[in-house]
$ cat structure.txt   # compact mmCIF, C-alpha atoms
# COMPACT_ATOMS: atom_id res chain seq x y z
CA MET M 189 91.05 123.97 84.95
CA GLU M 190 91.37 120.74 86.89
CA PHE M 191 94.46 118.53 86.94
CA HIS M 192 94.46 114.82 87.66
CA TYR M 193 97.15 112.40 88.61
CA PRO M 194 97.64 109.35 86.34
CA ASN M 195 95.67 107.32 88.90
CA GLY M 196 92.70 109.64 88.43
CA ARG M 197 93.03 111.45 91.72
CA LYS M 198 92.31 115.14 91.51
CA TYR M 199 95.34 117.33 91.90
CA THR M 200 95.03 119.67 94.85
CA LEU M 201 97.54 121.13 97.24
CA ASP M 202 96.30 118.73 99.88
CA ALA M 203 96.66 115.71 97.60
CA ARG M 204 100.18 116.75 96.71
CA LYS M 205 101.00 117.05 100.36
CA LYS M 206 99.67 113.56 101.06
CA LEU M 207 101.61 112.19 98.12
CA THR M 208 104.98 113.64 98.99
CA THR M 209 105.05 113.77 102.75
CA PRO M 210 105.62 110.07 103.56
CA ALA M 211 108.47 109.77 101.06
CA GLN M 212 110.10 112.98 102.24
CA LYS M 213 109.71 111.87 105.82
CA LYS M 214 111.38 108.56 105.06
CA ILE M 215 114.36 110.19 103.43
CA SER M 216 114.59 112.71 106.20
CA TYR M 217 114.47 110.01 108.89
CA SER M 218 117.13 107.87 107.30
CA LYS M 219 119.36 110.90 106.79
CA ARG M 220 118.92 111.73 110.44
CA GLY M 221 119.66 108.13 111.38
CA MET M 222 122.95 108.21 109.53
CA ALA M 223 123.72 111.72 110.68
CA LEU M 224 124.56 110.74 114.25
CA GLU M 225 126.83 107.89 113.17
CA ASP M 226 128.42 110.08 110.50
CA ASP M 227 128.99 112.92 112.94
CA ILE M 228 130.62 110.61 115.47
CA ASN M 229 132.78 108.93 112.82
CA GLU M 230 133.90 112.32 111.55
CA THR M 231 134.64 113.44 115.10
CA ASN M 232 136.65 110.26 115.81
CA GLN M 233 138.58 110.78 112.57
CA TYR M 234 139.35 114.35 113.68
CA TYR M 235 140.59 113.06 117.05
CA LEU M 236 142.72 110.40 115.35
CA VAL M 237 144.34 112.72 112.80
CA ASN M 238 145.11 115.28 115.50
CA GLY M 239 146.50 112.69 117.90
CA MET M 240 143.78 113.44 120.47
CA ALA M 241 142.29 109.96 120.80
CA VAL M 242 142.05 106.57 119.06
CA ILE M 243 138.36 105.69 119.02
CA HIS M 244 136.69 103.50 116.39
CA LYS M 245 133.23 102.20 115.66
CA LYS M 246 133.06 98.43 115.83
CA PRO M 247 131.80 96.69 112.68
CA THR M 248 128.19 95.49 112.69
CA PRO M 249 128.13 91.87 113.88
CA ILE M 250 126.93 89.56 111.13
CA GLN M 251 126.22 85.84 111.08
CA ILE M 252 127.50 84.47 107.79
CA VAL M 253 125.68 81.43 106.45
CA GLU M 254 126.86 81.06 102.86
CA VAL M 255 129.95 82.32 101.05
CA ASP M 256 130.68 81.90 97.36
CA TYR M 257 134.41 81.33 96.85
CA LYS M 258 134.13 80.83 93.08
CA LYS M 259 136.21 83.83 92.20
CA ARG M 260 139.66 83.52 93.62
CA SER M 261 140.09 87.17 94.51
CA THR M 262 136.71 88.05 95.97
CA ALA M 263 134.65 85.87 98.23
CA VAL M 264 131.00 86.87 97.93
CA ILE M 265 128.77 86.48 100.96
CA LYS M 266 125.44 85.16 99.61
CA GLU M 267 123.49 84.69 102.82
CA ALA M 268 124.01 86.38 106.16
CA TYR M 269 122.01 87.87 109.02
CA PHE M 270 122.40 90.79 111.37
CA ARG M 271 123.25 89.75 114.92
CA GLN M 272 122.63 91.74 118.06
CA ALA M 273 125.76 93.44 119.37
CA SER M 274 126.98 92.11 122.72
CA THR M 275 128.87 95.29 123.57
CA THR M 276 128.60 98.98 122.74
CA ASP M 277 129.38 100.35 119.29
CA TYR M 278 132.38 102.56 120.00
CA ASN M 279 135.52 102.14 122.04
CA GLY M 280 139.11 103.26 122.21
CA ILE M 281 141.66 105.20 124.19
CA CYS M 282 142.43 108.80 125.09
CA GLU M 283 145.49 109.73 127.15
CA GLY M 284 145.60 106.36 128.88
CA LYS M 285 141.85 106.31 129.59
CA TYR M 286 139.69 103.54 128.18
CA ILE M 287 136.64 105.06 126.46
CA ASP M 288 133.45 103.11 125.66
CA PHE M 289 130.07 104.33 124.44
CA GLU M 290 126.87 103.73 122.55
CA ALA M 291 125.07 106.32 120.39
CA LYS M 292 121.31 106.33 119.83
CA GLU M 293 118.66 108.69 118.61
CA THR M 294 114.94 109.07 118.95
CA GLN M 295 112.12 110.67 116.99
CA SER M 296 110.39 111.51 120.23
CA THR M 297 110.55 115.12 121.36
CA THR M 298 109.62 114.58 124.99
CA SER M 299 111.65 111.60 126.23
CA PHE M 300 114.27 109.02 125.32
CA PRO M 301 112.94 105.41 125.24
CA LEU M 302 115.15 102.99 127.17
CA MET M 303 114.29 100.23 124.68
CA ASN M 304 117.10 101.74 122.60
CA PHE M 305 119.48 99.86 124.86
CA HIS M 306 119.83 96.15 125.60
CA GLU M 307 120.38 94.47 128.94
CA HIS M 308 123.81 93.14 127.88
CA GLN M 309 124.91 96.61 126.82
CA ILE M 310 124.08 97.85 130.31
CA SER M 311 126.01 94.89 131.80
CA HIS M 312 128.91 95.65 129.50
CA MET M 313 129.04 99.27 130.66
CA GLN M 314 128.85 98.11 134.29
CA ASN M 315 131.86 95.85 133.67
CA ILE M 316 133.75 98.74 132.10
CA VAL M 317 133.12 100.95 135.13
CA GLN M 318 134.33 98.16 137.44
CA HIS M 319 137.59 98.14 135.46
CA LYS M 320 137.93 101.93 135.81
CA GLY M 321 137.00 102.70 132.24
CA ILE M 322 134.83 105.60 131.07
CA ALA M 323 131.45 104.51 129.71
CA PHE M 324 128.60 106.73 128.53
CA VAL M 325 125.89 107.18 125.91
CA ILE M 326 125.35 109.85 123.31
CA LEU M 327 121.65 110.62 122.78
CA ARG M 328 120.20 112.63 119.93
CA PHE M 329 116.72 114.09 119.66
CA ALA M 330 116.43 113.89 115.88
CA LYS M 331 113.59 116.36 115.40
CA THR M 332 115.32 119.18 117.22
CA ASP M 333 118.87 118.00 116.43
CA GLU M 334 119.90 118.21 120.08
CA VAL M 335 122.68 115.91 121.28
CA PHE M 336 123.47 114.97 124.89
CA LEU M 337 126.14 112.97 126.66
CA LEU M 338 124.85 110.92 129.57
CA GLU M 339 127.30 109.26 131.95
CA CYS M 340 126.54 105.54 132.28
CA GLU M 341 126.01 105.83 136.04
CA VAL M 342 123.06 108.14 135.30
CA LEU M 343 121.74 105.71 132.70
CA PHE M 344 122.02 102.85 135.23
CA ASN M 345 119.74 104.76 137.61
CA PHE M 346 117.03 105.20 135.00
CA TRP M 347 117.46 101.57 133.93
CA GLU M 348 116.94 100.48 137.53
CA ARG M 349 113.89 102.72 137.85
CA MET M 350 112.41 100.91 134.82
CA ASN M 351 113.27 97.48 136.25
CA ASN M 352 111.54 98.50 139.47
CA GLY M 353 108.36 99.18 137.54
CA GLY M 354 109.01 102.83 136.73
CA ARG M 355 108.78 104.60 133.39
CA LYS M 356 110.40 103.02 130.33
CA SER M 357 112.06 106.24 129.19
CA ILE M 358 114.12 109.18 130.40
CA THR M 359 112.24 112.47 130.18
CA LYS M 360 113.87 115.26 128.25
CA LYS M 361 113.95 117.35 131.41
CA GLU M 362 115.89 114.60 133.19
CA ILE M 363 118.36 114.47 130.31
CA HIS M 364 118.72 118.26 130.53
CA ASP M 365 119.23 118.05 134.29
CA PHE M 366 121.57 115.04 134.50
CA GLY M 367 123.20 115.01 131.05
CA HIS M 368 125.62 117.29 129.23
CA LYS M 369 124.63 119.03 126.03
CA ILE M 370 127.10 118.52 123.18
CA ASN M 371 127.18 121.60 120.99
CA ILE M 372 127.21 120.79 117.29
CA GLY M 373 130.32 122.28 115.73
CA TYR M 374 131.98 122.32 112.39
CA HIS M 375 135.20 120.42 113.05
CA PRO M 376 134.86 118.25 115.06
CA ARG M 377 131.10 118.05 114.74
CA LEU M 378 130.39 116.50 118.16
CA ASP M 379 133.19 117.32 120.56
CA TYR M 380 132.33 114.80 123.27
CA LEU M 381 135.95 114.52 124.46
CA LYS M 382 135.80 118.11 125.66
CA ILE M 383 132.91 117.16 127.97
CA LEU M 384 134.64 113.99 129.18
CA LYS M 385 137.76 115.96 130.05
CA GLU M 386 135.67 118.35 132.12
CA ILE M 387 133.82 115.53 133.93
CA TYR M 388 136.81 113.30 134.60
CA SER M 389 139.51 116.04 134.77
CA PHE M 390 142.10 114.57 132.43
CA MET S 247 141.81 39.17 96.17
CA GLU S 248 142.13 42.65 94.75
CA PHE S 249 139.91 45.59 95.68
CA HIS S 250 139.21 48.56 93.46
CA TYR S 251 137.81 52.01 94.13
CA PRO S 252 134.70 53.01 92.13
CA ASN S 253 137.01 54.99 89.81
CA GLY S 254 138.88 51.80 88.97
CA ARG S 255 142.00 52.58 90.95
CA LYS S 256 143.46 49.61 92.71
CA TYR S 257 143.05 49.63 96.48
CA THR S 258 146.41 49.57 98.23
CA LEU S 259 147.58 51.07 101.47
CA ASP S 260 149.51 53.68 99.46
CA ALA S 261 146.48 54.62 97.38
CA ARG S 262 144.38 55.01 100.50
CA LYS S 263 147.06 57.23 101.96
CA LYS S 264 147.09 59.41 98.85
CA LEU S 265 143.32 59.59 98.88
CA THR S 266 142.84 60.60 102.46
CA THR S 267 145.83 62.75 103.27
CA PRO S 268 144.87 65.99 101.44
CA ALA S 269 141.39 66.01 102.96
CA GLN S 270 142.69 65.29 106.43
CA LYS S 271 145.27 67.99 106.01
CA LYS S 272 142.63 70.51 104.99
CA ILE S 273 140.47 69.74 108.01
CA SER S 274 143.46 69.86 110.28
CA TYR S 275 144.52 73.27 108.94
CA SER S 276 141.11 74.82 109.30
CA LYS S 277 140.77 73.40 112.80
CA ARG S 278 144.09 74.94 113.67
CA GLY S 279 143.02 78.22 112.12
CA MET S 280 139.96 78.40 114.34
CA ALA S 281 141.80 77.03 117.33
CA LEU S 282 143.70 80.25 118.02
CA GLU S 283 140.57 82.39 117.76
CA ASP S 284 138.59 79.88 119.83
CA ASP S 285 141.28 79.71 122.49
CA ILE S 286 141.44 83.49 122.76
CA ASN S 287 137.65 83.84 122.87
CA GLU S 288 137.45 81.20 125.59
CA THR S 289 140.20 82.97 127.51
CA ASN S 290 138.44 86.34 127.19
CA GLN S 291 135.20 84.74 128.36
CA TYR S 292 137.05 83.34 131.38
CA TYR S 293 138.46 86.80 132.15
CA LEU S 294 135.01 88.37 131.79
CA VAL S 295 133.17 85.88 133.98
CA ASN S 296 135.84 86.14 136.67
CA GLY S 297 135.92 89.94 136.58
CA MET S 298 139.56 89.95 135.47
CA ALA S 299 139.20 91.91 132.21
CA VAL S 300 136.66 93.01 129.60
CA ILE S 301 138.17 92.12 126.24
CA HIS S 302 136.18 91.28 123.11
CA LYS S 303 136.90 90.32 119.53
CA LYS S 304 135.62 92.90 117.09
CA PRO S 305 133.22 91.59 114.46
CA THR S 306 134.63 90.97 110.98
CA PRO S 307 134.12 94.13 108.90
CA ILE S 308 131.74 93.49 106.03
CA GLN S 309 130.61 95.69 103.14
CA ILE S 310 126.91 95.07 102.64
CA VAL S 311 125.63 95.54 99.09
CA GLU S 312 122.16 94.03 99.06
CA VAL S 313 119.69 93.30 101.84
CA ASP S 314 116.35 91.55 101.41
CA TYR S 315 113.80 93.09 103.78
CA LYS S 316 110.90 90.93 102.57
CA LYS S 317 110.37 89.19 105.83
CA ARG S 318 109.52 91.63 108.53
CA SER S 319 111.42 89.91 111.31
CA THR S 320 114.62 88.89 109.58
CA ALA S 321 116.51 90.98 107.09
CA VAL S 322 118.59 88.68 104.88
CA ILE S 323 121.88 89.95 103.52
CA LYS S 324 122.04 88.68 99.93
CA GLU S 325 125.32 90.22 98.76
CA ALA S 326 128.24 91.37 100.86
CA TYR S 327 132.03 91.36 100.82
CA PHE S 328 134.77 91.01 103.40
CA ARG S 329 136.60 94.28 104.07
CA GLN S 330 140.09 94.67 105.45
CA ALA S 331 140.11 95.58 109.13
CA SER S 332 141.48 99.04 109.88
CA THR S 333 142.41 98.18 113.44
CA THR S 334 143.40 95.08 115.37
CA ASP S 335 140.91 92.30 116.16
CA TYR S 336 140.78 92.45 119.96
CA ASN S 337 140.53 95.26 122.47
CA GLY S 338 139.25 96.03 125.91
CA ILE S 339 140.21 96.98 129.43
CA CYS S 340 141.92 95.41 132.44
CA GLU S 341 142.26 97.27 135.74
CA GLY S 342 142.19 100.67 134.05
CA LYS S 343 144.65 99.65 131.31
CA TYR S 344 143.61 99.80 127.67
CA ILE S 345 144.48 96.47 125.97
CA ASP S 346 144.73 96.04 122.19
CA PHE S 347 146.04 93.11 120.16
CA GLU S 348 146.03 91.06 117.00
CA ALA S 349 146.35 87.26 116.82
CA LYS S 350 147.85 85.39 113.88
CA GLU S 351 149.22 81.99 113.13
CA THR S 352 151.56 80.48 110.58
CA GLN S 353 152.15 77.04 109.08
CA SER S 354 155.85 77.82 108.89
CA THR S 355 158.07 76.15 111.48
CA THR S 356 161.09 78.40 111.13
CA SER S 357 159.81 81.99 111.04
CA PHE S 358 156.74 84.21 111.27
CA PRO S 359 155.95 86.07 108.00
CA LEU S 360 155.29 89.78 108.53
CA MET S 361 152.75 89.75 105.67
CA ASN S 362 150.32 88.54 108.35
CA PHE S 363 150.05 92.19 109.41
CA HIS S 364 148.95 95.27 107.50
CA GLU S 365 150.56 98.69 107.50
CA HIS S 366 147.46 100.30 109.07
CA GLN S 367 147.45 97.73 111.89
CA ILE S 368 151.02 98.75 112.68
CA SER S 369 149.98 102.44 112.57
CA HIS S 370 147.03 101.64 114.81
CA MET S 371 149.27 99.99 117.41
CA GLN S 372 151.67 102.94 117.23
CA ASN S 373 148.74 105.27 117.97
CA ILE S 374 147.72 103.10 120.93
CA VAL S 375 151.23 103.26 122.39
CA GLN S 376 151.23 107.06 122.01
CA HIS S 377 148.05 107.14 124.08
CA LYS S 378 149.65 104.95 126.78
CA GLY S 379 147.72 101.81 125.85
CA ILE S 380 149.11 98.27 125.82
CA ALA S 381 149.40 96.81 122.30
CA PHE S 382 150.85 93.46 121.31
CA VAL S 383 150.44 90.45 119.04
CA ILE S 384 149.80 86.80 119.80
CA LEU S 385 151.63 84.49 117.38
CA ARG S 386 151.01 80.78 116.98
CA PHE S 387 153.17 78.26 115.19
CA ALA S 388 150.38 75.91 114.14
CA LYS S 389 152.45 72.80 113.43
CA THR S 390 154.06 72.75 116.86
CA ASP S 391 151.18 74.46 118.65
CA GLU S 392 153.49 77.00 120.27
CA VAL S 393 152.05 80.42 121.16
CA PHE S 394 154.01 83.59 121.88
CA LEU S 395 153.18 87.12 122.99
CA LEU S 396 155.24 89.79 121.28
CA GLU S 397 155.13 93.37 122.55
CA CYS S 398 154.29 95.77 119.73
CA GLU S 399 157.53 97.70 120.22
CA VAL S 400 159.42 94.52 119.28
CA LEU S 401 157.16 94.01 116.27
CA PHE S 402 157.79 97.63 115.18
CA ASN S 403 161.55 96.93 115.10
CA PHE S 404 161.14 93.92 112.81
CA TRP S 405 158.65 95.85 110.68
CA GLU S 406 161.22 98.63 110.28
CA ARG S 407 163.92 96.13 109.42
CA MET S 408 161.67 94.86 106.60
CA ASN S 409 160.96 98.39 105.39
CA ASN S 410 164.71 99.03 105.33
CA GLY S 411 165.16 96.12 102.95
CA GLY S 412 165.67 93.40 105.57
CA ARG S 413 163.93 90.03 105.87
CA LYS S 414 160.14 89.83 105.53
CA SER S 415 159.71 87.63 108.58
CA ILE S 416 160.74 87.21 112.21
CA THR S 417 162.83 84.11 112.80
CA LYS S 418 161.64 81.67 115.42
CA LYS S 419 164.83 82.27 117.37
CA GLU S 420 164.08 86.01 117.46
CA ILE S 421 160.57 85.27 118.73
CA HIS S 422 162.06 83.01 121.39
CA ASP S 423 164.56 85.70 122.37
CA PHE S 424 162.31 88.79 122.29
CA GLY S 425 158.85 87.32 122.86
CA HIS S 426 157.12 85.60 125.75
CA LYS S 427 155.90 82.03 125.49
CA ILE S 428 152.26 81.57 126.50
CA ASN S 429 151.78 78.16 128.07
CA ILE S 430 148.63 76.44 126.89
CA GLY S 431 146.44 75.69 129.86
CA TYR S 432 143.04 74.25 130.52
CA HIS S 433 141.14 77.20 131.91
CA PRO S 434 141.98 79.78 130.69
CA ARG S 435 143.58 78.24 127.65
CA LEU S 436 145.94 81.13 126.79
CA ASP S 437 146.63 83.18 129.88
CA TYR S 438 148.15 86.22 128.16
CA LEU S 439 147.06 88.59 130.97
CA LYS S 440 149.49 86.87 133.33
CA ILE S 441 152.34 87.80 130.98
CA LEU S 442 151.10 91.38 130.53
CA LYS S 443 150.94 91.83 134.30
CA GLU S 444 154.54 90.70 134.59
CA ILE S 445 155.74 92.95 131.79
CA TYR S 446 153.81 96.07 132.80
CA SER S 447 153.65 95.40 136.56
CA PHE S 448 149.95 95.95 137.18
$ encode --input "structure.txt" --output "structure tokens"
Amino acid sequence: MEFHYPNGRKYTLDARKKLTTPAQKKISYSKRGMALEDDINETNQYYLVNGMAVIHKKPTPIQIVEVDYKKRSTAVIKEAYFRQASTTDYNGICEGKYIDFEAKETQSTTSFPLMNFHEHQISHMQNIVQHKGIAFVILRFAKTDEVFLLECEVLFNFWERMNNGGRKSITKKEIHDFGHKINIGYHPRLDYLKILKEIYSF
Amino acid sequence: MEFHYPNGRKYTLDARKKLTTPAQKKISYSKRGMALEDDINETNQYYLVNGMAVIHKKPTPIQIVEVDYKKRSTAVIKEAYFRQASTTDYNGICEGKYIDFEAKETQSTTSFPLMNFHEHQISHMQNIVQHKGIAFVILRFAKTDEVFLLECEVLFNFWERMNNGGRKSITKKEIHDFGHKINIGYHPRLDYLKILKEIYSF
């Protein structure tokens, strides 16, 4: 017996696969996208509650065009646009040290595209280093769920290589060699402070 | 000869005064409201350009409800609401020191109402102090255009006084006695770093 979809297409295992895969993929991607931010937020919350550090994600910068003040209690924003961030997403303090970082992930399995970062984010991290702060990036390979911490000085080198006409990404081997793997735990989920304390001995 | 407004009201100097004053007042208030933020942003920009500090205002936290992705290039936010900030508005770094502050102004001429601050902002500043950061508030008396820097430890004392049933504001005399006046300059407009360097000797 043959089965058909409402659109007339014959039901086969292959057809089902074609039908469900893109949707599943989309859900999976977006979950992964949120996962890194969620994991970092949960980790920061853990640090805060346990008095280990005070690190927060900055709100997304938004350009507000129209606000409806009709209701006295709640102003409703009716038109607004996303703006590009001029700094990194996360900053705060740990034992007197200023901490500053950006977190990004890629679907690539072989390298991390540098287009994930903006020129002014690089400048911002350079300024932080000049003021003796600690700046770095957290990189996740979504498909394998591997997370690395890369000191900003290392990122600057690869950024310069790109500006000098070199490759527009960091290979996974380079990240393995020059970065620090963050093991995914239960609580906190991404203990990046542990790595920072080892690197900077504080 | 008598003149009349379109609504029939007789034109006199008094009537004109009544007609224009509220509008002027409104503009003046809102200008004042932005003035403090503008002055601090300009000052931070001056510090940044001159390599003196890296301090930014955090974006306003917004809860996004509906986004229109129709156009490929620009996502339009169609419904969103202002959220209460969980931290202070400004933070950054200066010569290895973590800097964190909130800026507020009042129309009162006699005292600064503590309702300008939220409990979690006080907690946040207490956490910063525990991690050896520098936290403070910048207070402006809008009508006289006087600006003061108040160390957070001083603010905590007045906050505690309120929580113990005492007055819900800091008198202007107390701010004069326990705070530090920031002279309004040309460039930078509000040189609060100068005061911090004196207080904390860095």
$ closest_atom_pairs --input "structure.txt" --of "chain M" --to "chain S" --cutoff "8 Å" --atoms "all atoms listed in the file" --output "Markdown table"
| residue | atom | partner | partner_atom | distance |
| --- | --- | --- | --- | --- |
| M:Gly239 | CA | S:Asn373 | CA | 7.8 |
| M:Ala241 | CA | S:His377 | CA | 7.2 |
| M:Val242 | CA | S:Asn373 | CA | 6.9 |
| M:Lys246 | CA | S:Lys304 | CA | 6.2 |
| M:Pro247 | CA | S:Pro307 | CA | 5.1 |
| M:Thr248 | CA | S:Pro305 | CA | 6.6 |
| M:Pro249 | CA | S:Pro305 | CA | 5.1 |
| M:Ile250 | CA | S:Pro305 | CA | 7.4 |
| M:Thr262 | CA | S:Tyr327 | CA | 7.5 |
| M:Ala263 | CA | S:Tyr327 | CA | 6.6 |
| M:Val264 | CA | S:Tyr327 | CA | 5.4 |
| M:Ile265 | CA | S:Ala326 | CA | 4.9 |
| M:Lys266 | CA | S:Lys324 | CA | 4.9 |
| M:Glu267 | CA | S:Lys324 | CA | 5.1 |
| M:Ala268 | CA | S:Ile323 | CA | 4.9 |
| M:Tyr269 | CA | S:Val322 | CA | 5.4 |
| M:Phe270 | CA | S:Ala321 | CA | 7.3 |
| M:Gly280 | CA | S:Tyr344 | CA | 7.9 |
| M:Ile281 | CA | S:His377 | CA | 6.7 |
| M:Cys282 | CA | S:His377 | CA | 5.9 |
| M:Glu283 | CA | S:His377 | CA | 4.8 |
| M:Gly284 | CA | S:Lys378 | CA | 4.8 |
| M:Lys285 | CA | S:Tyr344 | CA | 7.0 |
| M:Tyr286 | CA | S:Tyr344 | CA | 5.4 |
| M:Asn315 | CA | S:Val300 | CA | 6.9 |
| M:Ile316 | CA | S:Val300 | CA | 6.9 |
| M:His319 | CA | S:Glu341 | CA | 4.8 |
| M:Lys320 | CA | S:Gly342 | CA | 4.8 |
| M:Gly321 | CA | S:Gly342 | CA | 5.9 |
$ atom_distance --input "structure.txt" --atom1 "CA of Tyr446 (chain S)" --atom2 "CA of Phe424 (chain S)"
15.4 Å
$ atom_distance --input "structure.txt" --atom1 "CA of Pro434 (chain S)" --atom2 "CA of Thr390 (chain S)"
19.7 Å
$ residues_around --input "structure.txt" --residues "Arg386 (chain S)" --least-positions-apart "5" --cutoff "6 Å" --atoms "all atoms listed in the file" --output "list in words"
Glu351, Glu392 and Val393 of chain S
$ atom_distance --input "structure.txt" --atom1 "CA of Lys258 (chain M)" --atom2 "CA of Asp314 (chain S)"
22.4 Å
$ axis_aligned_box --input "structure.txt" --around "region 428-437 of chain S" --padding-each-side "8 Å" --output "lines of an AutoDock Vina configuration file"
center_x = 146.7
center_y = 78.7
center_z = 129.2
size_x = 27.1
size_y = 24.9
size_z = 21.4
$ residues_around --input "structure.txt" --residues "region 428-431 of chain S" --least-positions-apart "2" --cutoff "8 Å" --atoms "all atoms listed in the file" --output "list in words"
Glu392, Val393, Phe394, Leu395, His426, His433, Pro434, Arg435, Leu436, Asp437, Tyr438 and Ile441 of chain S
$ residues_around --input "structure.txt" --residues "Glu420 (chain S)" --least-positions-apart "3" --cutoff "12 Å" --atoms "only C-alpha atoms" --output "ChimeraX atom specification"
/S:356-358,394,396,400-401,403-404,415-417,423-426
$ residues_near_point --input "structure.txt" --point "(126.9, 109.9, 110.9)" --cutoff "12 Å" --atoms "all atoms listed in the file" --output "PyMOL selection string"
chain M and resi 218-233+245+291-293+328+377-378
